[in-house]
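What follows is the content of coords_33.cif (mmCIF, N, CA, C and O atoms).
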data_model
loop_
_atom_site.group_PDB
_atom_site.id
_atom_site.type_symbol
_atom_site.label_atom_id
_atom_site.label_comp_id
_atom_site.auth_asym_id
_atom_site.auth_seq_id
_atom_site.Cartn_x
_atom_site.Cartn_y
_atom_site.Cartn_z
ATOM 1 N N MET A 11 198.704 124.722 167.294
ATOM 2 C CA MET A 11 197.920 123.572 166.914
ATOM 3 C C MET A 11 198.279 122.440 167.856
ATOM 4 O O MET A 11 199.405 121.969 167.853
ATOM 5 N N THR A 12 197.338 121.996 168.621
ATOM 6 C CA THR A 12 197.622 120.965 169.604
ATOM 7 C C THR A 12 196.984 119.630 169.283
ATOM 8 O O THR A 12 197.416 118.612 169.777
ATOM 9 N N ASP A 13 195.932 119.611 168.489
ATOM 10 C CA ASP A 13 195.226 118.372 168.190
ATOM 11 C C ASP A 13 195.594 117.878 166.799
ATOM 12 O O ASP A 13 194.943 118.212 165.818
ATOM 13 N N LEU A 14 196.641 117.070 166.731
ATOM 14 C CA LEU A 14 197.039 116.508 165.455
ATOM 15 C C LEU A 14 196.244 115.236 165.211
ATOM 16 O O LEU A 14 195.899 114.518 166.147
ATOM 17 N N PRO A 15 195.949 114.922 163.959
ATOM 18 C CA PRO A 15 195.171 113.719 163.663
ATOM 19 C C PRO A 15 195.927 112.455 164.057
ATOM 20 O O PRO A 15 197.152 112.395 163.956
ATOM 21 N N GLU A 16 195.190 111.457 164.504
ATOM 22 C CA GLU A 16 195.764 110.149 164.769
ATOM 23 C C GLU A 16 196.057 109.489 163.430
ATOM 24 O O GLU A 16 195.525 109.880 162.404
ATOM 25 N N GLU A 17 196.871 108.461 163.471
ATOM 26 C CA GLU A 17 197.125 107.729 162.233
ATOM 27 C C GLU A 17 195.821 107.116 161.746
ATOM 28 O O GLU A 17 195.019 106.639 162.542
ATOM 29 N N ILE A 18 195.650 107.139 160.435
ATOM 30 C CA ILE A 18 194.405 106.601 159.889
ATOM 31 C C ILE A 18 194.593 105.217 159.270
ATOM 32 O O ILE A 18 193.630 104.585 158.883
ATOM 33 N N GLY A 19 195.832 104.776 159.152
ATOM 34 C CA GLY A 19 196.088 103.438 158.642
ATOM 35 C C GLY A 19 196.516 103.382 157.191
ATOM 36 O O GLY A 19 196.921 102.333 156.705
ATOM 37 N N GLU A 20 196.441 104.480 156.484
ATOM 38 C CA GLU A 20 196.943 104.551 155.108
ATOM 39 C C GLU A 20 198.313 105.216 155.197
ATOM 40 O O GLU A 20 198.414 106.406 155.504
ATOM 41 N N GLU A 21 199.357 104.445 154.961
ATOM 42 C CA GLU A 21 200.718 104.908 155.199
ATOM 43 C C GLU A 21 201.034 106.234 154.498
ATOM 44 O O GLU A 21 201.628 107.131 155.095
ATOM 45 N N ARG A 22 200.630 106.379 153.250
ATOM 46 C CA ARG A 22 200.952 107.603 152.500
ATOM 47 C C ARG A 22 200.246 108.814 153.089
ATOM 48 O O ARG A 22 200.824 109.898 153.170
ATOM 49 N N VAL A 23 199.015 108.645 153.533
ATOM 50 C CA VAL A 23 198.281 109.751 154.153
ATOM 51 C C VAL A 23 198.885 110.069 155.518
ATOM 52 O O VAL A 23 199.090 111.235 155.863
ATOM 53 N N ASP A 24 199.184 109.038 156.296
ATOM 54 C CA ASP A 24 199.787 109.250 157.613
ATOM 55 C C ASP A 24 201.124 109.987 157.495
ATOM 56 O O ASP A 24 201.428 110.872 158.293
ATOM 57 N N THR A 25 201.909 109.631 156.480
ATOM 58 C CA THR A 25 203.197 110.298 156.266
ATOM 59 C C THR A 25 202.987 111.770 155.926
ATOM 60 O O THR A 25 203.659 112.647 156.483
ATOM 61 N N ALA A 26 202.057 112.040 155.033
ATOM 62 C CA ALA A 26 201.791 113.430 154.643
ATOM 63 C C ALA A 26 201.310 114.242 155.846
ATOM 64 O O ALA A 26 201.819 115.339 156.102
ATOM 65 N N LEU A 27 200.347 113.708 156.574
ATOM 66 C CA LEU A 27 199.812 114.438 157.724
ATOM 67 C C LEU A 27 200.836 114.563 158.850
ATOM 68 O O LEU A 27 200.783 115.505 159.644
ATOM 69 N N GLY A 28 201.770 113.634 158.914
ATOM 70 C CA GLY A 28 202.816 113.698 159.925
ATOM 71 C C GLY A 28 203.640 114.968 159.828
ATOM 72 O O GLY A 28 204.207 115.433 160.820
ATOM 73 N N GLY A 29 203.697 115.554 158.647
ATOM 74 C CA GLY A 29 204.422 116.815 158.480
ATOM 75 C C GLY A 29 203.847 117.939 159.312
ATOM 76 O O GLY A 29 204.549 118.894 159.661
ATOM 77 N N LEU A 30 202.580 117.842 159.679
ATOM 78 C CA LEU A 30 201.953 118.881 160.498
ATOM 79 C C LEU A 30 202.568 118.951 161.895
ATOM 80 O O LEU A 30 202.504 119.997 162.548
ATOM 81 N N ALA A 31 203.178 117.867 162.340
ATOM 82 C CA ALA A 31 203.798 117.846 163.673
ATOM 83 C C ALA A 31 204.941 118.851 163.779
ATOM 84 O O ALA A 31 205.291 119.275 164.883
ATOM 85 N N ARG A 32 205.491 119.255 162.667
ATOM 86 C CA ARG A 32 206.601 120.223 162.672
ATOM 87 C C ARG A 32 206.150 121.652 162.957
ATOM 88 O O ARG A 32 206.964 122.507 163.284
ATOM 89 N N LEU A 33 204.866 121.925 162.831
ATOM 90 C CA LEU A 33 204.381 123.298 162.924
ATOM 91 C C LEU A 33 204.687 123.955 164.266
ATOM 92 O O LEU A 33 205.002 125.143 164.317
ATOM 93 N N GLY A 34 204.595 123.205 165.349
ATOM 94 C CA GLY A 34 204.796 123.789 166.673
ATOM 95 C C GLY A 34 206.189 124.358 166.898
ATOM 96 O O GLY A 34 206.365 125.279 167.681
ATOM 97 N N ALA A 35 207.176 123.821 166.210
ATOM 98 C CA ALA A 35 208.558 124.257 166.379
ATOM 99 C C ALA A 35 208.970 125.315 165.357
ATOM 100 O O ALA A 35 210.112 125.753 165.363
ATOM 101 N N MET A 36 208.038 125.716 164.513
ATOM 102 C CA MET A 36 208.377 126.648 163.438
ATOM 103 C C MET A 36 207.669 127.984 163.634
ATOM 104 O O MET A 36 206.576 128.026 164.193
ATOM 105 N N PRO A 37 208.273 129.046 163.130
ATOM 106 C CA PRO A 37 207.563 130.330 163.164
ATOM 107 C C PRO A 37 206.361 130.279 162.214
ATOM 108 O O PRO A 37 206.367 129.528 161.228
ATOM 109 N N VAL A 38 205.345 131.031 162.520
ATOM 110 C CA VAL A 38 204.124 131.035 161.708
ATOM 111 C C VAL A 38 204.439 131.349 160.250
ATOM 112 O O VAL A 38 203.809 130.794 159.343
ATOM 113 N N SER A 39 205.416 132.173 160.015
ATOM 114 C CA SER A 39 205.760 132.545 158.639
ATOM 115 C C SER A 39 206.217 131.341 157.809
ATOM 116 O O SER A 39 206.171 131.385 156.586
ATOM 117 N N ALA A 40 206.627 130.263 158.446
ATOM 118 C CA ALA A 40 207.087 129.069 157.734
ATOM 119 C C ALA A 40 205.980 128.034 157.554
ATOM 120 O O ALA A 40 206.176 127.031 156.872
ATOM 121 N N HIS A 41 204.818 128.257 158.145
ATOM 122 C CA HIS A 41 203.732 127.277 158.090
ATOM 123 C C HIS A 41 203.211 127.045 156.680
ATOM 124 O O HIS A 41 202.833 125.920 156.341
ATOM 125 N N VAL A 42 203.193 128.066 155.853
ATOM 126 C CA VAL A 42 202.658 127.913 154.498
ATOM 127 C C VAL A 42 203.414 126.829 153.747
ATOM 128 O O VAL A 42 202.804 125.987 153.073
ATOM 129 N N GLY A 43 204.718 126.807 153.872
ATOM 130 C CA GLY A 43 205.515 125.795 153.196
ATOM 131 C C GLY A 43 205.163 124.387 153.649
ATOM 132 O O GLY A 43 205.095 123.457 152.833
ATOM 133 N N VAL A 44 204.932 124.223 154.943
ATOM 134 C CA VAL A 44 204.546 122.911 155.473
ATOM 135 C C VAL A 44 203.181 122.518 154.939
ATOM 136 O O VAL A 44 202.970 121.379 154.507
ATOM 137 N N PHE A 45 202.242 123.453 154.963
ATOM 138 C CA PHE A 45 200.902 123.152 154.446
ATOM 139 C C PHE A 45 200.961 122.752 152.968
ATOM 140 O O PHE A 45 200.256 121.839 152.535
ATOM 141 N N GLU A 46 201.807 123.418 152.201
ATOM 142 C CA GLU A 46 201.947 123.082 150.785
ATOM 143 C C GLU A 46 202.501 121.670 150.612
ATOM 144 O O GLU A 46 202.024 120.911 149.773
ATOM 145 N N GLU A 47 203.504 121.300 151.414
ATOM 146 C CA GLU A 47 204.069 119.953 151.341
ATOM 147 C C GLU A 47 203.020 118.896 151.677
ATOM 148 O O GLU A 47 202.919 117.871 151.003
ATOM 149 N N VAL A 48 202.247 119.150 152.734
ATOM 150 C CA VAL A 48 201.206 118.205 153.141
ATOM 151 C C VAL A 48 200.151 118.095 152.045
ATOM 152 O O VAL A 48 199.735 116.983 151.678
ATOM 153 N N PHE A 49 199.739 119.214 151.493
ATOM 154 C CA PHE A 49 198.737 119.208 150.423
ATOM 155 C C PHE A 49 199.220 118.414 149.227
ATOM 156 O O PHE A 49 198.488 117.586 148.664
ATOM 157 N N ILE A 50 200.448 118.623 148.815
ATOM 158 C CA ILE A 50 200.998 117.901 147.664
ATOM 159 C C ILE A 50 201.041 116.407 147.943
ATOM 160 O O ILE A 50 200.686 115.598 147.083
ATOM 161 N N GLY A 51 201.444 116.025 149.143
ATOM 162 C CA GLY A 51 201.479 114.610 149.497
ATOM 163 C C GLY A 51 200.100 113.979 149.452
ATOM 164 O O GLY A 51 199.924 112.863 148.942
ATOM 165 N N LEU A 52 199.101 114.692 149.966
ATOM 166 C CA LEU A 52 197.735 114.176 149.941
ATOM 167 C C LEU A 52 197.199 114.117 148.513
ATOM 168 O O LEU A 52 196.540 113.149 148.121
ATOM 169 N N GLU A 53 197.503 115.136 147.734
ATOM 170 C CA GLU A 53 197.051 115.178 146.345
ATOM 171 C C GLU A 53 197.653 114.022 145.539
ATOM 172 O O GLU A 53 196.954 113.366 144.753
ATOM 173 N N GLN A 54 198.927 113.732 145.750
ATOM 174 C CA GLN A 54 199.577 112.628 145.045
ATOM 175 C C GLN A 54 198.972 111.288 145.452
ATOM 176 O O GLN A 54 198.788 110.398 144.614
ATOM 177 N N THR A 55 198.664 111.150 146.729
ATOM 178 C CA THR A 55 198.047 109.908 147.196
ATOM 179 C C THR A 55 196.682 109.715 146.558
ATOM 180 O O THR A 55 196.358 108.625 146.061
ATOM 181 N N LEU A 56 195.867 110.764 146.538
ATOM 182 C CA LEU A 56 194.545 110.662 145.911
ATOM 183 C C LEU A 56 194.657 110.360 144.421
ATOM 184 O O LEU A 56 193.892 109.566 143.884
ATOM 185 N N ALA A 57 195.608 110.980 143.761
ATOM 186 C CA ALA A 57 195.786 110.749 142.332
ATOM 187 C C ALA A 57 196.157 109.295 142.061
ATOM 188 O O ALA A 57 195.695 108.704 141.084
ATOM 189 N N SER A 58 196.962 108.708 142.927
ATOM 190 C CA SER A 58 197.369 107.320 142.710
ATOM 191 C C SER A 58 196.213 106.351 142.946
ATOM 192 O O SER A 58 196.168 105.283 142.356
ATOM 193 N N VAL A 59 195.270 106.737 143.765
ATOM 194 C CA VAL A 59 194.115 105.883 144.067
ATOM 195 C C VAL A 59 193.138 105.873 142.897
ATOM 196 O O VAL A 59 192.601 104.835 142.529
ATOM 197 N N ASP A 60 192.908 107.043 142.308
ATOM 198 C CA ASP A 60 191.912 107.105 141.231
ATOM 199 C C ASP A 60 192.528 107.062 139.830
ATOM 200 O O ASP A 60 191.829 107.188 138.844
ATOM 201 N N GLY A 61 193.844 106.905 139.756
ATOM 202 C CA GLY A 61 194.494 106.768 138.464
ATOM 203 C C GLY A 61 194.737 108.069 137.732
ATOM 204 O O GLY A 61 195.141 108.070 136.587
ATOM 205 N N THR A 62 194.521 109.203 138.378
ATOM 206 C CA THR A 62 194.753 110.508 137.776
ATOM 207 C C THR A 62 196.251 110.794 137.777
ATOM 208 O O THR A 62 196.896 110.644 138.804
ATOM 209 N N PRO A 63 196.813 111.212 136.660
ATOM 210 C CA PRO A 63 198.231 111.551 136.649
ATOM 211 C C PRO A 63 198.518 112.723 137.585
ATOM 212 O O PRO A 63 197.682 113.610 137.752
ATOM 213 N N ASP A 64 199.698 112.709 138.205
ATOM 214 C CA ASP A 64 200.100 113.815 139.076
ATOM 215 C C ASP A 64 200.209 115.097 138.267
ATOM 216 O O ASP A 64 200.677 115.086 137.134
ATOM 217 N N ARG A 65 199.754 116.193 138.882
ATOM 218 C CA ARG A 65 199.922 117.499 138.246
ATOM 219 C C ARG A 65 201.320 117.989 138.547
ATOM 220 O O ARG A 65 201.849 117.782 139.614
ATOM 221 N N GLN A 66 201.901 118.649 137.586
ATOM 222 C CA GLN A 66 203.216 119.257 137.782
ATOM 223 C C GLN A 66 203.046 120.606 138.422
ATOM 224 O O GLN A 66 202.172 121.372 138.048
ATOM 225 N N ARG A 67 203.847 120.926 139.388
ATOM 226 C CA ARG A 67 203.802 122.226 140.070
ATOM 227 C C ARG A 67 204.985 123.031 139.685
ATOM 228 O O ARG A 67 206.030 122.631 139.521
#
Let me see the structure of the file written as structure tokens.
Amino acid sequence: MTDLPEEIGEERVDTALGGLARLGAMPVSAHVGVFEEVFIGLEQTLASVDGTPDRQR
């Protein structure tokens, strides 16, 4: 993955997406864990915007 997103200006989203930068240094077998972390971070950010309580995983 060479084209990582630029910062979008929302600190919580930028932080979550920043985790994708680690993918290049990791074996493919470890990518799922990174994707899960990024997804959870984005999900928590969206929940805080619309007032939805965080889901427990």
Review point. If you measure from atom C of Gly28 in chain A to atom O of Asp60 in chain A, what distance in Å do you get, rounded to one decimal?
Key: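 About the pair atom C of Gly28 in chain A and atom O of Asp60 in chain A: they are 25.3 Å apart.
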Around all of range 53-61 of chain A's listed atoms, make the axis-aligned box with 5 Å on each side and tell me centre and edge lengths in Å to one decimal, as JSON.
{"center_x": 195.7, "center_y": 110.0, "center_z": 142.2, "size_x": 17.7, "size_y": 20.3, "size_z": 21.1}
**Study point:** Atomic distance atom O of Phe49 in chain A - atom N of Ala26 in chain A, expressed in Å with one decimal
**Key:**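 Computing the Euclidean distance for atom O of Phe49 in chain A and atom N of Ala26 in chain A yields 9.2 Å.
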Point to revise | Two-atom distance - atom C of Met36 in chain A, atom O of Ile18 in chain A (Å) | key: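 Computing the Euclidean distance for atom C of Met36 in chain A and atom O of Ile18 in chain A yields 27.7 Å.
Among the candidates A:Val44, A:Ala35, A:Glu17, A:Arg22, the residue lying nearest to Val59 in chain A is A:Arg22 (atoms considered: only C-alpha atoms).
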Point to revise | Selection result for the PyMOL selection byres (((chain A and resi 27 and name CA) around 12) and name CA) on this file, as number ranges by chain | key: A: 14-26, 28-33, 44-53, 55
